[in-house]
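*Asks:* Would you mind keeping the following structure in view while I ask a few things?
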Amino acid sequence: MRAISEAIYGELLPCITNVTERIRSYPFYAWFTWRFRQRGGDTSYSEYRRLFRRAECLFALVGAQHGLDETGSHAAVDHGAALPGRDTLIGPLLSGQAIRLSEFADPDATGKNRYFKADLGGLDQYYLGTLQQLDIMGGNEKAGMVVTPERGVRLASLFDAVVPGDLFWKTVEEDTLSVPRLRELHPFCPCFGRNQPERDALLDILLGRDQHENVPVMRDGLRLMLDFLSADAEQNAKDDGEDGDVVAWKIVERFRHGAYGGVLPGGAAWTDVALPSWAGYERHELFAIAIQSLFWAVLADLDGQPVRTSLQSSADVAAWFTSRHASALGLTAGEAFESYIAQVCGTVPALVNINANDHELVLANDLVPEMDPGKVVQDAIRLLATLVVRLPAKGVYGAFQRDPSYFAAYDLNLYALQRHATSTWLPLTVSQWLEWLVRHWCVGHHLRVALRKLRTEGLDTFRLKPTDGGLAYVDNIRVVWTSPRLRQLLRVLRDLGAVDGTYQLTELGSQLREELHG
């Protein structure tokens, strides 16, 4: 289920990932590579790696020091936050002692001092794939790292125009630095210094203004978020003063709910050509939460139970679990599936009433922290039934379209929900439906996936393991939502200066919103 969610939000928000936290890293990495090629001398990959790792540490230290020097309530977020190596380097920086970059950058170092294990640090681990996808950088260990002649060189040269590049390189090569030197290097901070030409070049890439061929753009995602923040301004102002990450997560949750319900903060209808795809993503997430929660309940019931010889298969577990929880369903247990769906259809809140009791968003949010298996069964069944009622006849995933073989490989999907709801489950009672879900989509699916991973990857991911004595409980799962890059999108808007520290649209943000509505 997670794979489908990730594929959808990968299309909805390209140009960034869940780990590309700071947009100024894009021109910084291009600039370092460009200057490395220009400097002459040893341009081998090993020399690139040696200097790059020091440079990335220095980049993080500049941002961290800038955050320490500023006094505003958003200083830490605006400057050093989320830079590769920052968490390792902040301690030595706070100590006030001189820092040797090589002590943290040496790839062969061990223990707490090494800032990153990956060969090229955060570039390797987080950014390189995106920079390649956007045609900013390329290369590899064999050929060496390069910047592309158009986008890469443009970003690098615009970055170079506003930073003390020679001083940065001198510091990297000298290896030792101090706080006064970091302050001299403040123009390298990811807060941008609001360098308009560099910012405009990044926006040209993100919005596709430069009409570069065969690269993704994120016009739809930016437009939707700017629309949402414009309508959400009052709530964002109320949240000011809270931890920045907490505020961002609240915005993300409100955005997701509004996109699913088609409603903006304040209650106005939200219409946009891109919203059906976001609704499809959220619909799949709701489906995933329901199935995960049911499986959690099964495992919770098995936790502490002796291995039962009678529980040899997924069918055995499903029958045992359903007999334990038929009473939790009450009179509904014996009701025909079809009539239960009709009853839910008659009582389900309007889609736009996203905070109403029994709305699928409320049911799902209640399920995630729920610890009572009986209540989980009730709410998960109700959530699945509500999704069945809400499923559109076509386009359950919006514009996310794939060949049928794709969904065959990920058999827990909304098309399968739609198909079974109109055929397989019609003769069943609700109790029998619960038993089917546990047998096929909880225990059976888990055993198939775990066996495949054990066979193909050598990974033991069993939470319920086959033994000679029966299926044995190993561990429970965490019921979790996926994270669809929205927090990173907020970070991009903030770094670009399109929103301020309270996520209110700036003049630039309003201009971008107007441009994106064309």
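Within each chain, counting starts at residue 1; across the structure tokens, chains are named A, B, ... in the order shown, with ligands numbered 1 upward in that order.
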Could you name the residues that touch A:Val438 at 8 Å or less, counting only C-alpha atoms, but leaving out those on the same chain fewer than 2 positions away, as a list in words?

*Replies:*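 Using only C-alpha atoms, the neighbours found are Leu294, Phe295, Val298, Ser314, Val317, Ala318, Leu434, Glu435, Trp436, His440, Trp441, Cys442, Val443 and Gly444 of chain A.
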
*Asks:* List as a list in words the protein and nucleic acid residues near A:Glu174, meaning an atom at most 12 Å away when only C-alpha atoms are counted, but skip any in the same chain fewer than 3 places from it.

*Replies:* Leu51, Arg54, Ala55, Leu58, Ile99, Arg100, Leu101, Ser102, Leu167, Phe168, Trp169, Lys170, Thr171, Leu177, Ser178 and Arg181 of chain A

*Asks:* Report the distance between atom CA of A:Pro187 and atom CA of A:Gln132 in Å, rounded to one decimal place.

*Replies:*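 Distance reported for this atom pair: 25.6 Å.
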
*Asks:* Nearest residue to A:Glu285 out of A:Ile251, A:Val368, A:Leu202, A:Ala30, using only C-alpha atoms?

*Replies:*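 Of A:Ile251, A:Val368, A:Leu202, A:Ala30, the one nearest A:Glu285 is A:Val368, counting only C-alpha atoms.
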
*Asks:* Any idea what's packed within 9 Å of A:Leu94, counting only C-alpha atoms, ignoring anything in its chain fewer than 5 positions away? Could you give it as a ChimeraX atom specification?

*Replies:* /A:65,68,89

*Asks:* Keeping only all heavy atoms, write the selected residues as a PDB file, in the first residue's frame.

*Replies:*
```pdb
ATOM      1  N   GLN A  65      25.732  28.615  12.416  1.00  0.00           N
ATOM      2  CA  GLN A  65      26.234  29.818  13.077  1.00  0.00           C
ATOM      3  C   GLN A  65      25.339  31.016  12.799  1.00  0.00           C
ATOM      4  O   GLN A  65      25.080  31.833  13.691  1.00  0.00           O
ATOM      5  CB  GLN A  65      27.663  30.117  12.614  1.00  0.00           C
ATOM      6  CG  GLN A  65      28.290  31.323  13.306  1.00  0.00           C
ATOM      7  CD  GLN A  65      28.392  31.136  14.808  1.00  0.00           C
ATOM      8  OE1 GLN A  65      28.874  30.109  15.278  1.00  0.00           O
ATOM      9  NE2 GLN A  65      27.906  32.108  15.573  1.00  0.00           N
ATOM     10  N   LEU A  68      22.518  30.896  15.115  1.00  0.00           N
ATOM     11  CA  LEU A  68      22.902  31.276  16.477  1.00  0.00           C
ATOM     12  C   LEU A  68      23.069  32.791  16.605  1.00  0.00           C
ATOM     13  O   LEU A  68      22.802  33.370  17.667  1.00  0.00           O
ATOM     14  CB  LEU A  68      24.211  30.584  16.868  1.00  0.00           C
ATOM     15  CG  LEU A  68      24.158  29.050  16.994  1.00  0.00           C
ATOM     16  CD1 LEU A  68      25.554  28.489  17.202  1.00  0.00           C
ATOM     17  CD2 LEU A  68      23.235  28.639  18.135  1.00  0.00           C
ATOM     18  N   LEU A  89      27.500  18.512  13.949  1.00  0.00           N
ATOM     19  CA  LEU A  89      28.438  19.619  14.058  1.00  0.00           C
ATOM     20  C   LEU A  89      28.027  20.686  15.060  1.00  0.00           C
ATOM     21  O   LEU A  89      28.857  21.483  15.493  1.00  0.00           O
ATOM     22  CB  LEU A  89      28.607  20.261  12.677  1.00  0.00           C
ATOM     23  CG  LEU A  89      29.248  19.361  11.614  1.00  0.00           C
ATOM     24  CD1 LEU A  89      28.893  19.843  10.222  1.00  0.00           C
ATOM     25  CD2 LEU A  89      30.758  19.320  11.796  1.00  0.00           C
TER      26      LEU A  89
END
```
